[in-house]
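Trainee: My file is start.tsv. It has TSV, C-alpha atoms:
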```tsv
chain	number	residue	atom	x	y	z
M	1	MET	CA	76.94	89.12	85.21
M	2	SER	CA	80.53	90.33	85.32
M	3	SER	CA	82.09	90.60	88.79
M	4	ASP	CA	84.50	93.34	89.79
M	5	TYR	CA	87.13	90.71	90.58
M	6	ASP	CA	87.82	87.01	90.23
M	7	VAL	CA	89.08	86.88	93.84
M	8	VAL	CA	88.83	89.31	96.74
M	9	VAL	CA	91.16	88.66	99.68
M	10	VAL	CA	90.03	90.19	102.97
M	11	GLY	CA	93.15	90.84	105.05
M	12	GLY	CA	96.40	92.48	104.02
M	13	GLY	CA	98.68	90.71	106.48
M	14	LEU	CA	101.42	88.23	105.63
M	15	VAL	CA	99.06	85.41	104.62
M	16	GLY	CA	96.48	87.53	102.81
M	17	LEU	CA	99.09	89.35	100.73
M	18	SER	CA	100.83	86.06	99.95
M	19	THR	CA	97.54	84.50	98.81
M	20	ALA	CA	96.95	87.35	96.36
M	21	LEU	CA	100.55	87.44	95.12
M	22	LEU	CA	100.75	83.68	94.59
M	23	LEU	CA	97.54	83.71	92.56
M	24	ASP	CA	98.93	86.58	90.52
M	25	THR	CA	102.36	85.00	90.03
M	26	LEU	CA	101.29	81.45	89.26
M	27	SER	CA	98.54	82.56	86.85
M	28	SER	CA	100.83	85.06	85.08
M	29	GLY	CA	98.47	87.90	85.92
M	30	LYS	CA	95.27	86.29	84.62
M	31	TYR	CA	93.33	86.79	87.88
M	32	ARG	CA	91.66	90.07	88.77
M	33	ILE	CA	92.39	90.34	92.49
M	34	GLY	CA	91.28	92.79	95.15
M	35	ILE	CA	92.78	93.09	98.64
M	36	VAL	CA	90.63	94.60	101.40
M	37	GLU	CA	92.69	95.93	104.31
M	38	ALA	CA	91.68	98.46	106.96
M	39	ARG	CA	95.22	99.12	108.22
M	40	PRO	CA	97.89	99.27	105.50
M	41	PRO	CA	101.52	99.09	106.65
M	42	GLU	CA	103.28	102.33	107.44
M	43	PRO	CA	105.62	103.26	104.57
M	44	VAL	CA	109.31	103.74	105.27
M	45	ALA	CA	111.11	106.51	103.38
M	46	SER	CA	113.92	105.24	101.18
M	47	ASP	CA	116.40	107.60	102.82
M	48	ALA	CA	115.26	106.84	106.38
M	49	ALA	CA	117.56	105.11	108.83
M	50	LEU	CA	116.88	101.40	109.25
M	51	PRO	CA	114.20	101.16	111.94
M	52	GLU	CA	114.56	99.19	115.15
M	53	VAL	CA	113.66	95.52	114.76
M	54	GLY	CA	109.99	95.03	115.65
M	55	LEU	CA	109.05	92.93	118.65
M	56	ARG	CA	106.97	90.50	116.59
M	57	VAL	CA	109.15	88.15	114.56
M	58	SER	CA	108.56	84.80	112.89
M	59	ALA	CA	110.72	81.75	112.35
M	60	ILE	CA	110.40	81.21	108.61
M	61	SER	CA	110.99	77.63	107.44
M	62	PRO	CA	112.81	76.63	104.23
M	63	SER	CA	109.43	75.70	102.74
M	64	SER	CA	108.16	79.21	103.44
M	65	VAL	CA	111.35	80.66	101.94
M	66	ALA	CA	110.58	78.68	98.76
M	67	ILE	CA	107.05	80.15	98.71
M	68	LEU	CA	108.39	83.69	99.17
M	69	ASN	CA	110.93	83.03	96.41
M	70	THR	CA	108.08	81.99	94.12
M	71	MET	CA	106.56	85.44	94.62
M	72	GLY	CA	109.92	87.09	93.97
M	73	VAL	CA	110.08	88.78	97.35
M	74	TRP	CA	112.66	86.84	99.33
M	75	ARG	CA	115.77	88.41	97.82
M	76	ASP	CA	114.64	91.83	99.02
M	77	ILE	CA	113.89	90.45	102.49
M	78	VAL	CA	117.32	88.79	102.82
M	79	ALA	CA	118.91	92.17	102.22
M	80	GLY	CA	117.13	93.48	105.32
M	81	GLN	CA	117.04	92.45	108.95
M	82	VAL	CA	116.92	88.70	108.49
M	83	THR	CA	118.80	86.20	110.62
M	84	PRO	CA	119.53	82.61	109.54
M	85	TYR	CA	119.68	80.02	112.29
M	86	THR	CA	121.56	76.79	111.82
M	87	ARG	CA	120.81	74.94	115.05
M	88	MET	CA	117.95	74.29	117.46
M	89	ARG	CA	118.44	73.39	121.13
M	90	VAL	CA	115.38	72.25	123.09
M	91	TRP	CA	115.45	70.97	126.67
M	92	HIS	CA	113.19	70.54	129.69
M	93	ALA	CA	113.59	72.13	133.11
M	94	SER	CA	113.54	68.67	134.72
M	95	GLN	CA	116.87	67.91	133.01
M	96	PRO	CA	120.07	70.02	133.11
M	97	LEU	CA	121.33	71.55	129.88
M	98	ASN	CA	124.07	69.32	128.51
M	99	PRO	CA	124.74	67.31	125.32
M	100	GLU	CA	123.01	64.22	126.75
M	101	ASN	CA	119.68	65.95	127.44
M	102	GLY	CA	117.09	67.51	125.21
M	103	LEU	CA	116.90	67.80	121.44
M	104	ASP	CA	119.80	69.24	119.48
M	105	PHE	CA	119.73	69.26	115.71
M	106	SER	CA	121.52	71.24	113.04
M	107	ALA	CA	121.05	72.31	109.44
M	108	ALA	CA	124.03	70.17	108.44
M	109	SER	CA	122.24	67.03	109.67
M	110	LEU	CA	119.48	67.75	107.12
M	111	ALA	CA	121.88	68.77	104.35
M	112	LEU	CA	120.56	72.34	104.53
M	113	PRO	CA	122.48	75.64	104.70
M	114	GLU	CA	120.16	76.75	107.53
M	115	LEU	CA	117.13	75.51	109.47
M	116	GLY	CA	115.26	78.74	108.82
M	117	PHE	CA	115.30	82.49	109.25
M	118	ILE	CA	114.11	84.86	111.94
M	119	VAL	CA	112.17	87.56	110.10
M	120	GLU	CA	110.60	90.75	111.41
M	121	ASN	CA	106.88	90.59	110.63
M	122	ASP	CA	106.56	94.28	109.74
M	123	LEU	CA	109.55	94.11	107.39
M	124	LEU	CA	108.08	91.17	105.51
M	125	ARG	CA	104.62	92.72	105.35
M	126	ARG	CA	105.93	95.98	103.89
M	127	ALA	CA	107.80	94.08	101.18
M	128	LEU	CA	104.72	92.02	100.26
M	129	TRP	CA	102.51	95.12	100.24
M	130	GLU	CA	104.90	96.94	97.92
M	131	LEU	CA	104.98	93.96	95.55
M	132	ALA	CA	101.16	93.88	95.49
M	133	ARG	CA	101.04	97.64	94.87
M	134	GLN	CA	103.24	97.20	91.80
M	135	SER	CA	101.08	94.45	90.26
M	136	ALA	CA	98.76	95.48	87.42
M	137	ALA	CA	96.37	92.64	88.32
M	138	ILE	CA	95.98	93.50	92.02
M	139	SER	CA	93.86	96.34	93.39
M	140	LEU	CA	94.52	97.47	96.97
M	141	LEU	CA	91.37	98.57	98.80
M	142	PRO	CA	92.84	100.19	101.93
M	143	SER	CA	91.08	101.84	104.85
M	144	ALA	CA	88.12	99.50	104.51
M	145	ALA	CA	86.79	96.46	106.34
M	146	PRO	CA	83.92	94.09	105.51
M	147	ASN	CA	80.53	95.02	106.95
M	148	THR	CA	78.18	92.74	105.04
M	149	VAL	CA	78.43	89.71	102.79
M	150	ALA	CA	75.90	88.23	100.37
M	151	ILE	CA	76.56	84.94	98.60
M	152	GLY	CA	74.82	84.35	95.29
M	153	ASP	CA	74.87	81.65	92.65
M	154	THR	CA	77.46	83.40	90.49
M	155	GLU	CA	79.25	85.81	92.81
M	156	ALA	CA	79.80	87.04	96.35
M	157	ARG	CA	79.19	90.68	97.26
M	158	LEU	CA	81.04	92.44	100.05
M	159	GLY	CA	79.79	95.64	101.62
M	160	LEU	CA	82.73	97.65	102.98
M	161	SER	CA	83.01	100.14	105.81
M	162	ASP	CA	83.75	103.00	103.38
M	163	GLY	CA	80.31	102.54	101.81
M	164	THR	CA	81.42	100.72	98.67
M	165	THR	CA	80.42	97.26	97.51
M	166	VAL	CA	82.68	94.86	95.62
M	167	SER	CA	81.77	91.61	93.91
M	168	SER	CA	83.89	88.60	93.09
M	169	GLN	CA	83.66	84.96	92.20
M	170	LEU	CA	85.54	84.03	95.38
M	171	ILE	CA	86.19	85.77	98.68
M	172	VAL	CA	89.09	84.68	100.89
M	173	ALA	CA	89.10	85.28	104.65
M	174	ALA	CA	92.67	86.09	105.62
M	175	ASP	CA	91.86	88.62	108.34
M	176	GLY	CA	93.33	86.83	111.33
M	177	ALA	CA	92.21	84.88	114.36
M	178	ASN	CA	89.30	87.25	115.07
M	179	SER	CA	88.24	87.19	111.42
M	180	ALA	CA	85.30	89.54	110.79
M	181	LEU	CA	84.63	87.86	107.45
M	182	ARG	CA	84.51	84.38	109.01
M	183	GLN	CA	81.91	85.67	111.46
M	184	LEU	CA	79.89	87.34	108.68
M	185	LEU	CA	79.93	84.04	106.80
M	186	GLY	CA	78.58	82.25	109.87
M	187	VAL	CA	81.45	79.74	110.06
M	188	LYS	CA	81.71	78.26	113.54
M	189	ASN	CA	85.10	78.31	115.24
M	190	SER	CA	86.15	75.74	117.84
M	191	GLU	CA	88.45	77.65	120.18
M	192	GLY	CA	89.91	77.76	123.64
M	193	SER	CA	92.45	79.55	125.78
M	194	TYR	CA	95.71	78.10	127.08
M	195	GLY	CA	95.40	80.38	130.10
M	196	GLN	CA	98.74	81.86	129.07
M	197	ARG	CA	100.25	84.95	127.52
M	198	GLY	CA	103.36	85.26	125.39
M	199	ILE	CA	105.81	87.94	126.51
M	200	VAL	CA	107.99	89.32	123.72
M	201	ALA	CA	111.04	91.55	124.03
M	202	HIS	CA	114.59	92.04	122.76
M	203	ILE	CA	117.37	90.58	124.89
M	204	ALA	CA	121.13	91.17	125.08
M	205	SER	CA	123.35	88.34	126.34
M	206	THR	CA	126.89	88.02	127.62
M	207	GLN	CA	127.45	84.94	125.44
M	208	PRO	CA	126.79	84.82	121.65
M	209	HIS	CA	123.58	83.17	120.45
M	210	GLN	CA	125.62	80.99	118.03
M	211	SER	CA	122.93	81.29	115.31
M	212	THR	CA	120.88	78.93	117.46
M	213	ALA	CA	117.21	78.92	118.43
M	214	TRP	CA	117.05	78.06	122.15
M	215	GLN	CA	113.91	76.79	123.88
M	216	ARG	CA	113.52	75.56	127.44
M	217	PHE	CA	110.27	73.98	128.63
M	218	LEU	CA	109.28	75.11	132.11
M	219	ARG	CA	106.28	73.77	134.03
M	220	THR	CA	104.61	77.13	133.43
M	221	GLY	CA	105.30	77.14	129.69
M	222	PRO	CA	108.20	77.38	127.21
M	223	VAL	CA	110.72	80.21	127.02
M	224	ALA	CA	112.49	80.75	123.69
M	225	LEU	CA	115.43	82.89	122.57
M	226	LEU	CA	115.60	83.45	118.81
M	227	PRO	CA	118.78	84.88	117.24
M	228	LEU	CA	118.74	88.37	115.71
M	229	LYS	CA	121.15	89.78	113.14
M	230	ASP	CA	122.62	92.38	115.51
M	231	GLY	CA	123.65	89.74	118.09
M	232	ARG	CA	120.65	90.18	120.36
M	233	CYS	CA	117.84	87.64	120.78
M	234	SER	CA	114.10	87.91	120.36
M	235	LEU	CA	112.35	86.57	123.45
M	236	VAL	CA	109.07	84.64	123.40
M	237	TRP	CA	108.19	83.61	126.96
M	238	SER	CA	104.90	81.72	127.16
M	239	CYS	CA	103.60	81.48	130.71
M	240	GLU	CA	100.41	81.25	132.73
M	241	ASN	CA	98.54	84.52	133.15
M	242	SER	CA	99.37	85.04	136.83
M	243	LEU	CA	103.09	84.64	136.16
M	244	ALA	CA	102.85	86.95	133.14
M	245	ASP	CA	101.33	89.64	135.36
M	246	GLU	CA	104.15	89.17	137.85
M	247	LEU	CA	106.89	89.31	135.19
M	248	LEU	CA	105.45	92.36	133.46
M	249	ALA	CA	105.33	94.22	136.77
M	250	LEU	CA	109.08	93.75	137.38
M	251	ASP	CA	111.63	96.39	136.47
M	252	ASP	CA	114.11	95.52	133.71
M	253	GLU	CA	116.84	94.43	136.11
M	254	ALA	CA	114.61	92.04	138.07
M	255	PHE	CA	113.01	90.72	134.89
M	256	SER	CA	116.44	90.07	133.39
M	257	ARG	CA	117.50	88.05	136.44
M	258	ARG	CA	114.33	85.95	136.24
M	259	LEU	CA	114.90	85.36	132.54
M	260	THR	CA	118.52	84.29	133.07
M	261	GLU	CA	117.31	81.76	135.63
M	262	ALA	CA	114.51	80.56	133.36
M	263	THR	CA	116.96	79.85	130.53
M	264	GLU	CA	119.45	78.16	132.87
M	265	GLY	CA	122.13	80.68	131.86
M	266	ALA	CA	122.38	79.08	128.42
M	267	LEU	CA	123.57	82.40	126.97
M	268	GLY	CA	125.10	83.76	130.15
M	269	GLU	CA	123.61	86.82	131.82
M	270	LEU	CA	120.61	88.22	129.97
M	271	ARG	CA	119.46	91.82	129.87
M	272	CYS	CA	116.12	93.13	128.60
M	273	VAL	CA	116.84	96.02	126.20
M	274	SER	CA	113.35	96.87	124.94
M	275	GLN	CA	109.81	97.26	126.14
M	276	ARG	CA	107.93	94.08	127.03
M	277	VAL	CA	104.65	93.29	125.29
M	278	ALA	CA	102.32	90.39	126.05
M	279	PHE	CA	99.59	88.76	123.96
M	280	PRO	CA	97.07	86.03	124.92
M	281	LEU	CA	97.68	82.47	123.73
M	282	ALA	CA	94.77	80.48	122.38
M	283	TYR	CA	93.95	77.71	119.92
M	284	ALA	CA	91.18	77.62	117.34
M	285	HIS	CA	90.02	75.68	114.33
M	286	ALA	CA	87.26	76.67	111.91
M	287	GLU	CA	84.50	74.13	111.33
M	288	HIS	CA	84.78	74.65	107.56
M	289	TYR	CA	87.66	75.97	105.44
M	290	THR	CA	85.45	76.51	102.39
M	291	GLY	CA	81.81	76.93	101.43
M	292	SER	CA	79.77	78.59	98.76
M	293	ARG	CA	82.20	81.07	97.14
M	294	PHE	CA	84.50	81.45	100.12
M	295	ALA	CA	87.74	80.04	101.54
M	296	LEU	CA	89.61	80.57	104.81
M	297	VAL	CA	93.40	80.76	105.14
M	298	GLY	CA	95.89	81.36	107.95
M	299	ASP	CA	94.71	82.32	111.41
M	300	ALA	CA	91.17	82.83	110.11
M	301	ALA	CA	91.11	79.03	109.66
M	302	HIS	CA	93.37	77.86	112.51
M	303	ARG	CA	95.39	79.17	115.43
M	304	VAL	CA	98.18	77.25	117.15
M	305	HIS	CA	100.41	77.65	120.21
M	306	PRO	CA	103.64	79.54	119.33
M	307	LEU	CA	105.86	76.93	121.02
M	308	ALA	CA	106.98	75.55	117.65
M	309	GLY	CA	106.77	78.80	115.69
M	310	GLN	CA	104.51	77.30	113.01
M	311	GLY	CA	101.73	79.91	112.74
M	312	VAL	CA	102.98	81.96	109.79
M	313	ASN	CA	104.44	78.88	108.07
M	314	LEU	CA	101.08	77.10	108.16
M	315	GLY	CA	99.40	80.20	106.75
M	316	LEU	CA	101.86	80.44	103.86
M	317	LEU	CA	101.25	76.77	103.07
M	318	ASP	CA	97.50	77.51	103.03
M	319	ALA	CA	98.09	80.38	100.59
M	320	ALA	CA	100.22	78.23	98.28
M	321	ALA	CA	97.81	75.30	98.43
M	322	LEU	CA	94.78	77.49	97.62
M	323	ALA	CA	96.56	79.11	94.67
M	324	GLU	CA	97.69	75.73	93.34
M	325	THR	CA	94.22	74.22	93.77
M	326	LEU	CA	92.49	77.08	91.95
M	327	LEU	CA	94.94	76.90	89.08
M	328	ASP	CA	94.54	73.13	88.76
M	329	GLY	CA	90.78	73.62	88.46
M	330	ARG	CA	90.96	76.62	86.14
M	331	ALA	CA	90.42	75.42	82.58
M	332	GLY	CA	90.61	78.92	81.11
M	333	VAL	CA	90.71	82.60	81.95
M	334	ARG	CA	86.95	82.77	82.47
M	335	ALA	CA	86.69	79.64	84.64
M	336	ASP	CA	84.85	80.12	87.94
M	337	ALA	CA	87.28	80.77	90.78
M	338	GLY	CA	84.53	80.02	93.30
M	339	ASP	CA	83.77	76.49	92.09
M	340	ALA	CA	82.71	74.57	95.21
M	341	LEU	CA	84.22	71.27	94.10
M	342	VAL	CA	87.61	72.88	93.48
M	343	LEU	CA	87.52	74.66	96.84
M	344	ARG	CA	86.66	71.40	98.58
M	345	ARG	CA	89.94	69.92	97.36
M	346	TYR	CA	91.83	72.75	99.04
M	347	ALA	CA	89.88	72.20	102.29
M	348	ARG	CA	90.66	68.46	102.38
M	349	TRP	CA	94.31	69.08	101.57
M	350	ARG	CA	95.09	71.66	104.24
M	351	ARG	CA	92.71	70.58	106.98
M	352	ARG	CA	94.47	67.24	107.36
M	353	ASP	CA	97.92	68.78	107.88
M	354	ASN	CA	96.66	71.63	110.06
M	355	GLU	CA	94.71	69.27	112.33
M	356	LEU	CA	97.85	67.21	112.81
M	357	THR	CA	99.92	70.26	113.75
M	358	LEU	CA	97.23	71.67	116.05
M	359	GLY	CA	96.91	68.31	117.80
M	360	MET	CA	100.67	68.00	118.20
M	361	MET	CA	100.94	71.48	119.69
M	362	ASN	CA	98.20	70.76	122.23
M	363	VAL	CA	99.81	67.47	123.24
M	364	LEU	CA	103.25	69.06	123.59
M	365	HIS	CA	101.79	71.90	125.64
M	366	ARG	CA	100.12	69.49	128.09
M	367	LEU	CA	103.04	67.09	128.17
M	368	PHE	CA	105.93	69.49	128.66
M	369	ALA	CA	104.23	72.08	130.84
M	370	GLY	CA	103.19	69.48	133.37
M	371	ASN	CA	101.27	70.83	136.36
M	372	PRO	CA	102.41	74.36	137.32
M	373	ALA	CA	100.85	74.00	140.77
M	374	ALA	CA	102.89	70.94	141.65
M	375	SER	CA	106.46	71.08	142.87
M	376	ASP	CA	107.17	67.82	141.08
M	377	SER	CA	105.52	66.50	137.94
M	378	ARG	CA	106.27	62.91	136.94
M	379	LEU	CA	104.75	63.54	133.52
M	380	ALA	CA	107.00	66.54	132.93
M	381	LYS	CA	110.09	64.61	134.04
M	382	LEU	CA	109.13	61.77	131.72
M	383	ALA	CA	108.75	64.27	128.89
M	384	GLY	CA	112.19	65.66	129.65
M	385	ARG	CA	113.73	62.21	129.45
M	386	GLY	CA	111.74	61.63	126.25
M	387	LEU	CA	113.50	64.53	124.54
M	388	ALA	CA	116.86	62.93	125.30
M	389	LEU	CA	115.56	59.58	124.03
M	390	VAL	CA	114.39	61.11	120.74
M	391	ASN	CA	117.73	62.89	120.40
M	392	GLY	CA	119.49	59.53	120.55
M	393	ILE	CA	117.34	57.77	117.92
M	394	GLY	CA	118.48	58.96	114.50
M	395	PRO	CA	115.38	58.31	112.34
M	396	LEU	CA	112.97	59.65	114.98
M	397	LYS	CA	115.12	62.71	115.56
M	398	ARG	CA	115.20	63.37	111.82
M	399	ARG	CA	111.38	63.24	111.65
M	400	PHE	CA	111.15	65.85	114.40
M	401	ALA	CA	113.67	68.00	112.55
M	402	GLU	CA	111.86	67.62	109.21
M	403	HIS	CA	108.63	68.79	110.81
M	404	ALA	CA	110.35	71.72	112.48
M	405	VAL	CA	111.68	73.02	109.15
M	406	GLY	CA	108.35	72.59	107.36
M	407	ARG	CA	109.14	69.51	105.32
M	408	GLY	CA	106.35	67.38	106.77
M	409	GLY	CA	102.97	66.76	105.17
M	410	ASP	CA	101.78	67.16	101.59
M	411	LEU	CA	103.56	70.32	100.42
M	412	PRO	CA	102.36	72.57	97.60
M	413	ALA	CA	104.68	72.80	94.61
M	414	ALA	CA	105.66	76.37	95.49
M	415	ALA	CA	106.96	75.14	98.88
M	416	ARG	CA	109.22	72.57	97.19
M	417	ARG	CA	110.90	74.93	94.75
M	418	GLN	CA	114.52	75.90	95.28
```
Using structure tokens, write down the structure that the file contains.
Mentor:
Amino acid sequence: MSSDYDVVVVGGGLVGLSTALLLDTLSSGKYRIGIVEARPPEPVASDAALPEVGLRVSAISPSSVAILNTMGVWRDIVAGQVTPYTRMRVWHASQPLNPENGLDFSAASLALPELGFIVENDLLRRALWELARQSAAISLLPSAAPNTVAIGDTEARLGLSDGTTVSSQLIVAADGANSALRQLLGVKNSEGSYGQRGIVAHIASTQPHQSTAWQRFLRTGPVALLPLKDGRCSLVWSCENSLADELLALDDEAFSRRLTEATEGALGELRCVSQRVAFPLAYAHAEHYTGSRFALVGDAAHRVHPLAGQGVNLGLLDAAALAETLLDGRAGVRADAGDALVLRRYARWRRRDNELTLGMMNVLHRLFAGNPAASDSRLAKLAGRGLALVNGIGPLKRRFAEHAVGRGGDLPAAARRQ
């Protein structure tokens, strides 16, 4: 029986599109790939004015840049609203901001031109979508979502919301944290809430951001200022739900004062210059990454706290690892892309690194947040001193920095390319 596709990717977000494009690129177009996506990105006319930077941005690591370069998309992204950052400054509210406290590391210390880039999610998604649209080997199946799934010995069949059915040797769930495909497949998901929301907005400051990513750990959660190309900062303020309600109810002037206090005036007086949007923070990990003719990537497989900005980077590493694994196991053009033994290698590879990152994020959240109800937290103060200690120990500091820029773990070849 001949399937419609070798691989069908459900989810046309950053990770789903990257999975399809990496398979296409690394196999030189030998895969027949379908992408199922209910909400394609809005096109931007070529003669339209450059739109306002979206509120959702990601800190893209050098490893992720290498992956995007492999797909041939990064050069176009760099020409847009992309901001390199060359320094990270992390400190705890129990310690004042000065050179002796907190973590402070630079790109130069790692022999890198930058630590990473702040990229607008919508900008990156539109570029990836356009690249997929131009590929002769990729079929875009927009305005559809999976309704049913049937796994057979030789293929998987997806029933879509538009009434059509597609078959493939392998289906990939890349449809986010609330993955409909993961649920249709019956894969259990271990999950929980942090009892927090992340508030995002654009912020103007009286002092320049210095191409630096700033993060201060409060007892109620971390507040981060990420540099934007136009001199503003992108705010990600993670805080307990009751505080989020309080902050969202403030007018811009009052909110700006609270934010300036929360960041200890690191960039002078701050002013909110956009709407404020909040999203719930949770963690999750799928019981299985693979099974009979399916694989999970990105948030469909794991969800982490945004305090280290690793969500999209982990998803891109999943995409690169899956593509590399399938190609290693593909003896010829007609080899079975859904081979269970091949897929198991991908699951072992990525689960180990993702579990480590998820565990680290949970530990850091508990350690640095301390107890919001207490006026004094010995654990939080100890954590604050610990940051200064790490900053003073060269090899340990370097390991923290390597992890922050995505150099830790067993990287796919695409993530190591220059």
Trainee: Nearest residue to Val78 (chain M) out of M:Asp353, M:Asp336, M:Glu246, M:Glu120, using all atoms listed in the file?
Mentor: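 Of the candidates, the smallest distance to Val78 (chain M) is held by M:Glu120.
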Trainee: So how far away is CA of Leu68 (chain M) from CA of Ala347 (chain M), in Å?
Mentor: 22.0 Å
Trainee: Which of these, M:Gly72, M:Pro62, M:Gly311, M:Gly265, has the shortest distance to Leu131 (chain M) once you count all atoms listed in the file?
Mentor: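 Nearest to Leu131 (chain M): M:Gly72.
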Trainee: Just checking: using only C-alpha atoms, which residue out of M:Thr206, M:Asn313, M:Ser168, M:Thr154 ends up closest to Phe117 (chain M)?
Mentor: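 Residue with the minimum atom-to-atom distance to Phe117 (chain M): M:Asn313.
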Trainee: Quick one: of M:Ser211, M:Thr263, M:Gln134, M:Ser109, who's nearest to Leu235 (chain M), counting all atoms listed in the file?
Mentor: M:Thr263
Trainee: Taking only C-alpha atoms into account, name the residue in M:Ser3, M:Ser18, M:Ser58, M:Ser139 that is nearest to Val166 (chain M).
Mentor: M:Ser3
Trainee: How would region 339-350 of chain M look with N, CA and C atoms restored, written as a PDB file, in the coordinates of the input?
Mentor:
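Listing of rebuild-v7.pdb after writing:
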```
ATOM      1  N   ASP M 339      84.338  77.832  92.270  1.00  0.00           N
ATOM      2  CA  ASP M 339      83.770  76.490  92.090  1.00  0.00           C
ATOM      3  C   ASP M 339      83.877  75.696  93.384  1.00  0.00           C
ATOM      4  N   ALA M 340      82.746  75.231  93.899  1.00  0.00           N
ATOM      5  CA  ALA M 340      82.710  74.570  95.210  1.00  0.00           C
ATOM      6  C   ALA M 340      83.512  73.282  95.229  1.00  0.00           C
ATOM      7  N   LEU M 341      83.492  72.531  94.128  1.00  0.00           N
ATOM      8  CA  LEU M 341      84.220  71.270  94.100  1.00  0.00           C
ATOM      9  C   LEU M 341      85.723  71.499  94.146  1.00  0.00           C
ATOM     10  N   VAL M 342      86.184  72.536  93.454  1.00  0.00           N
ATOM     11  CA  VAL M 342      87.610  72.880  93.480  1.00  0.00           C
ATOM     12  C   VAL M 342      88.017  73.314  94.879  1.00  0.00           C
ATOM     13  N   LEU M 343      87.204  74.175  95.498  1.00  0.00           N
ATOM     14  CA  LEU M 343      87.520  74.660  96.840  1.00  0.00           C
ATOM     15  C   LEU M 343      87.542  73.536  97.852  1.00  0.00           C
ATOM     16  N   ARG M 344      86.692  72.532  97.654  1.00  0.00           N
ATOM     17  CA  ARG M 344      86.660  71.400  98.580  1.00  0.00           C
ATOM     18  C   ARG M 344      87.981  70.642  98.574  1.00  0.00           C
ATOM     19  N   ARG M 345      88.639  70.603  97.431  1.00  0.00           N
ATOM     20  CA  ARG M 345      89.940  69.920  97.360  1.00  0.00           C
ATOM     21  C   ARG M 345      90.969  70.652  98.230  1.00  0.00           C
ATOM     22  N   TYR M 346      90.931  71.971  98.179  1.00  0.00           N
ATOM     23  CA  TYR M 346      91.830  72.750  99.040  1.00  0.00           C
ATOM     24  C   TYR M 346      91.539  72.458 100.512  1.00  0.00           C
ATOM     25  N   ALA M 347      90.259  72.420 100.890  1.00  0.00           N
ATOM     26  CA  ALA M 347      89.880  72.200 102.290  1.00  0.00           C
ATOM     27  C   ALA M 347      90.383  70.844 102.786  1.00  0.00           C
ATOM     28  N   ARG M 348      90.198  69.799 101.975  1.00  0.00           N
ATOM     29  CA  ARG M 348      90.660  68.460 102.380  1.00  0.00           C
ATOM     30  C   ARG M 348      92.177  68.440 102.527  1.00  0.00           C
ATOM     31  N   TRP M 349      92.844  69.073 101.599  1.00  0.00           N
ATOM     32  CA  TRP M 349      94.310  69.080 101.570  1.00  0.00           C
ATOM     33  C   TRP M 349      94.876  69.718 102.837  1.00  0.00           C
ATOM     34  N   ARG M 350      94.463  70.938 103.144  1.00  0.00           N
ATOM     35  CA  ARG M 350      95.090  71.660 104.240  1.00  0.00           C
ATOM     36  C   ARG M 350      94.528  71.293 105.607  1.00  0.00           C
TER      37      ARG M 350
END
```
